[in-house]
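**Student:** Below is a structure I'd like to ask you about.
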Amino acid sequence: MCIAVAVGCGTSENGNERETVRYGTTVMIENPEISLDQYVRRLSGVSVHGSGSGAEVRVSGAETYWGGRWGEGLDSSPMYIKDGVRIGRNFSQVYNMLDMTRVESIQMLRPPRATQLYGSDGGFGAIVINMRK
């Protein structure tokens, strides 16, 4: 089994399945008719409450690491990265901005890996969106 893992601005292939646990999972976009929140639900280690542009997204481990829980006022939303550019933490804004027909894949990065790549902004994880060229 071959797994592709995002490393900064490129990818690295590794046959070790444990890499997915450390770095996160990737979902390839097969049907652009399905909304962004439905694809994000398919990422392991991601919790989605609500639907559509009003959905709240959390990466597992971020709440326990930072002590936040759902609805306690702490914004533990993951950072969203589109083609290597940070586009914010607001899922509603990202949801309305993206053209799903151009999205190639969505990847979740766990907080330690996201922090390593993007600094303290990645403390609650990151959702990396790769667009078709």
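Please note that chains go A, B, ... in the order of the structure tokens, that every chain numbers its residues from 1, and that ligands are numbered from 1 in the order shown.
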Mind the document's chain letters and residue numbers, and return as a VMD selection string the residues of region 38-129 of chain A that DSSP labels helix (DSSP H, G or I).
**Tutor:** chain A and resid 38 to 41 52 to 54 62 to 66 91 to 97 100 to 102 111 to 124
**Student:** Pick from A:Val57, A:Met131, A:Met28, A:Leu43: nearest to Met108 (chain A), with only C-alpha atoms counted?
**Tutor:** A:Leu43
**Student:** Counting only C-alpha atoms, what is within 10 Å of Ile106 (chain A), bar same-chain residues fewer than 5 positions away, as an mmCIF file with N, CA and C atoms, in the first residue's frame?
**Tutor:**
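After the write, out25.cif holds the following:
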data_model
loop_
_atom_site.group_PDB
_atom_site.id
_atom_site.type_symbol
_atom_site.label_atom_id
_atom_site.label_comp_id
_atom_site.auth_asym_id
_atom_site.auth_seq_id
_atom_site.Cartn_x
_atom_site.Cartn_y
_atom_site.Cartn_z
ATOM 1 N N THR A 25 -5.053 12.260 7.179
ATOM 2 C CA THR A 25 -5.583 11.511 6.050
ATOM 3 C C THR A 25 -5.916 12.456 4.901
ATOM 4 N N THR A 26 -6.022 11.870 3.712
ATOM 5 C CA THR A 26 -6.346 12.629 2.512
ATOM 6 C C THR A 26 -7.578 12.027 1.853
ATOM 7 N N VAL A 27 -8.465 12.889 1.368
ATOM 8 C CA VAL A 27 -9.629 12.457 0.614
ATOM 9 C C VAL A 27 -9.528 13.064 -0.775
ATOM 10 N N MET A 28 -9.590 12.221 -1.801
ATOM 11 C CA MET A 28 -9.585 12.700 -3.171
ATOM 12 C C MET A 28 -11.018 13.074 -3.552
ATOM 13 N N ILE A 29 -11.192 14.196 -4.228
ATOM 14 C CA ILE A 29 -12.515 14.667 -4.622
ATOM 15 C C ILE A 29 -12.919 13.950 -5.906
ATOM 16 N N LEU A 36 -18.366 20.608 0.545
ATOM 17 C CA LEU A 36 -17.107 20.580 1.284
ATOM 18 C C LEU A 36 -17.274 19.914 2.645
ATOM 19 N N TYR A 39 -17.205 16.139 2.438
ATOM 20 C CA TYR A 39 -15.871 15.586 2.227
ATOM 21 C C TYR A 39 -15.031 15.672 3.497
ATOM 22 N N VAL A 40 -15.135 16.769 4.226
ATOM 23 C CA VAL A 40 -14.372 16.917 5.469
ATOM 24 C C VAL A 40 -14.802 15.853 6.478
ATOM 25 N N ARG A 42 -15.364 12.877 5.905
ATOM 26 C CA ARG A 42 -14.704 11.616 5.533
ATOM 27 C C ARG A 42 -13.265 11.524 6.038
ATOM 28 N N LEU A 43 -12.706 12.629 6.490
ATOM 29 C CA LEU A 43 -11.344 12.618 7.017
ATOM 30 C C LEU A 43 -11.347 12.005 8.409
ATOM 31 N N ILE A 81 -5.770 25.781 4.596
ATOM 32 C CA ILE A 81 -4.687 26.096 3.679
ATOM 33 C C ILE A 81 -5.161 25.728 2.274
ATOM 34 N N LYS A 82 -5.087 26.666 1.355
ATOM 35 C CA LYS A 82 -5.465 26.391 -0.039
ATOM 36 C C LYS A 82 -4.234 26.579 -0.905
ATOM 37 N N ILE A 127 -6.554 21.939 7.734
ATOM 38 C CA ILE A 127 -7.216 21.276 6.619
ATOM 39 C C ILE A 127 -6.576 21.859 5.367
ATOM 40 N N VAL A 128 -5.880 21.007 4.614
ATOM 41 C CA VAL A 128 -5.151 21.448 3.416
ATOM 42 C C VAL A 128 -5.985 21.107 2.185
ATOM 43 N N ILE A 129 -6.277 22.119 1.383
ATOM 44 C CA ILE A 129 -7.101 21.963 0.181
ATOM 45 C C ILE A 129 -6.211 22.162 -1.031
ATOM 46 N N ASN A 130 -6.142 21.138 -1.875
ATOM 47 C CA ASN A 130 -5.325 21.214 -3.093
ATOM 48 C C ASN A 130 -6.257 21.357 -4.287
ATOM 49 N N MET A 131 -5.986 22.372 -5.098
ATOM 50 C CA MET A 131 -6.808 22.658 -6.274
ATOM 51 C C MET A 131 -6.216 22.005 -7.504
#
**Student:** So, counting only C-alpha atoms, which residue among A:Leu117, A:Met79, A:Ala126, A:Ala55 is closest to Ser92 (chain A)?
**Tutor:** A:Ala55
**Student:** When you draw a straight line from CA of Val103 (chain A) to CA of Ser120 (chain A), how long is it in Å?
**Tutor:**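 Going from CA of Val103 (chain A) over to CA of Ser120 (chain A) covers 26.2 Å.
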**Student:** Can you work out which one of A:Arg89, A:His49, A:Arg58, A:Arg102 has the shortest atom-to-atom distance to Arg132 (chain A), counting only C-alpha atoms?
**Tutor:**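 Selected residue with least distance to Arg132 (chain A): A:Arg102.
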**Student:** From a DSSP calculation on the backbone, collect every residue of region 97-133 of chain A in strand (DSSP E) and output the set as a ChimeraX atom specification.
**Tutor:** /A:103-109,126-131
**Student:** In Å, rounded to a single decimal, give me how far CA of Val46 (chain A) is from CA of Ser60 (chain A).
**Tutor:**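 Atom-to-atom, CA of Ser60 (chain A) and CA of Val46 (chain A) are spaced 5.8 Å apart.
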**Student:** Figure out the distance between CA of Pro111 (chain A) and CA of Ser77 (chain A), please, to one decimal in Å.
**Tutor:** 11.0 Å
